[in-house]
Amino acid sequence: MVLQTDEINLAGALPAESNGYIRVDCYGGLNQMRRDFCDGVGIARLLNATLVLPKFEVAAYWNESSGFADVFDVDYFIQQMDGFVKVVKELPAEIASKEPVQVDCSKRKGQFDYVESVLPSLLKHHYISLTPAMSQRRDRYPLHAKAALCQACYKALRLTKALENKGSKLLQAIPKPFLSLHLRFEPDMVAYSQCEYSGLSSSSMEAIEASRGDRKPWTGESARVWRNRGKCPLTPKETAFVLQSLSIPTDTNIYLAAGDGLMELEGLTSVYTNIFTKAIFLSGEEFASMHGNTKAALDYYISINSDSFVATYFGNMDKMVAAMRSFKGLFKTLLLSRRAFAEFTSQGLQGNELREALWKVHRDDFVMGRGSALPDCFCEFKL
């Protein structure tokens, strides 16, 4: 999305004086942090604040120690946000020595929530940090705040030159044409879903149990209802079955966009044999030196540039990839229906009968070559 100068003015010129500084604290995986940061950009513009570069969580859980500048081109971001929101690399000396005052935004969702509850803290302390609530009501934002958010999300966040070069080489190395498959079946993710599975290997079951903690799986009728609501991740074997149901040839070149620790992968690779991963094309030392965010950034880069994209779980990465592919005019994007698969199998469908039912439920999206995309920035601005 590119907003012209007259459109920026219509969205509201930046006031001469800022109300203070905001740092967005981002947690989770890369695409969750990206989503939170984009929301934070909108909030900063809403409150007429100067944006400080965000703080990315340093978490052993994600094998992570990289920050914002390790993933995104900072100078490009500042340049692209000019006229939308003021961004600084460094704070003034009188503020730099202080830690920001944390403001709880867990229940703040719309324009008036922030103006009434967060702005007073910004005016009082001049430097605050916040993490946007997960379910923002962006439709309640004024045009100038929406414009800043959308500019950040679709135009200003570019990977560093080093990562983009690595992604470009990786893209060139993958045999064409190819499908990028975002497959989610890691122990922590399955444990978080509170779903139970039969037929998994003992090592997979042990890994899931070790990740469960207090999140015990649903049992009995509750488990059936939960699964039929589409809450349970597709296994690699189930994913292969759905892909075959959609007549995707088993010799298709597939780039596996997935995190470390993916379980039961042989359920997919025994059917689809042309599977490619980052580890195949990167040197062992190069791959080992990468952290969670930089690996996720490469998967994102490949997925938005692939011939087609299929996701098994509509998470933060899938939403961002689907939206960016739509923005770029790449409509061969498909989100597999976990709910349909669960409902059909609970009805006893199997074999060709199940394949036909799965084909019908995905048919319109598959034939038209489209999937779901985020609508937030596609209705009020020229793309």
# chains A, B, ... in the order shown; residues from 1 in each chain; ligands from 1

call {"tool": "closest_atom_pairs", "arguments": {"of": "segment 76-166 of chain A", "to": "segment 320-325 of chain A", "cutoff": "10 Å", "atoms": "only C-alpha atoms", "output": "Markdown table"}}
result
| residue | atom | partner | partner_atom | distance |
| --- | --- | --- | --- | --- |
| A:Cys153 | CA | A:Met320 | CA | 8.9 |
| A:Tyr154 | CA | A:Met324 | CA | 7.0 |
| A:Lys155 | CA | A:Met324 | CA | 10.0 |

call {"tool": "select_by_dssp", "arguments": {"residues": "segment 204-330 of chain A", "states": "alpha helix (DSSP H)", "output": "MDAnalysis selection string"}}
result
chainID A and resid 204:212 220:228 236:245 266:269 278:281 284:288 292:305 316:328

call {"tool": "select_by_dssp", "arguments": {"residues": "segment 106-260 of chain A", "states": "strand (DSSP E or B)", "output": "list in words"}}
result
Tyr127, Ile128, Ser129, Leu130, Leu159, Phe178, Leu179, Ser180, Leu181, His182, Asn253, Ile254, Tyr255, Leu256 and Ala257 of chain A

call {"tool": "closest_residue", "arguments": {"among": "A:Tyr313, A:Phe241, A:Phe327, A:Trp359", "to": "Phe185 of chain A", "atoms": "only C-alpha atoms"}}
result
A:Tyr313

call {"tool": "closest_residue", "arguments": {"among": "A:Val103, A:Ala311, A:Ala279, A:Val115", "to": "Leu334 of chain A", "atoms": "only C-alpha atoms"}}
result
A:Ala311

call {"tool": "residues_around", "arguments": {"residues": "Leu47 of chain A", "least_positions_apart": "6", "cutoff": "8 Å", "atoms": "only C-alpha atoms", "output": "list of chain:residue names"}}
result
A:Asn19, A:Tyr114, A:Val115, A:Leu119

call {"tool": "write_last_selection", "arguments": {"atoms": "N, CA and C atoms", "output": "short mmCIF file (atom, residue, chain, number, x, y, z; two decimals), in the first residue's frame"}}
result
data_model
loop_
_atom_site.label_atom_id
_atom_site.label_comp_id
_atom_site.auth_asym_id
_atom_site.auth_seq_id
_atom_site.Cartn_x
_atom_site.Cartn_y
_atom_site.Cartn_z
N ASN A 19 3.38 14.30 22.31
CA ASN A 19 2.94 14.17 23.70
C ASN A 19 3.89 13.33 24.55
N TYR A 114 -7.85 4.24 24.74
CA TYR A 114 -6.47 4.72 24.80
C TYR A 114 -6.41 6.21 25.16
N VAL A 115 -7.30 6.99 24.58
CA VAL A 115 -7.29 8.43 24.86
C VAL A 115 -7.64 8.70 26.32
N LEU A 119 -3.43 7.99 27.50
CA LEU A 119 -2.89 9.33 27.26
C LEU A 119 -2.50 10.07 28.54
#

call {"tool": "residues_around", "arguments": {"residues": "Arg138 of chain A", "least_positions_apart": "5", "cutoff": "10 Å", "atoms": "only C-alpha atoms", "output": "ChimeraX atom specification"}}
result
/A:39,42-43,109-111,143,145-146,149,376-377

call {"tool": "closest_residue", "arguments": {"among": "A:Ile128, A:Ile304, A:Ser346, A:Gly167", "to": "Ala223 of chain A", "atoms": "only C-alpha atoms"}}
result
A:Ser346
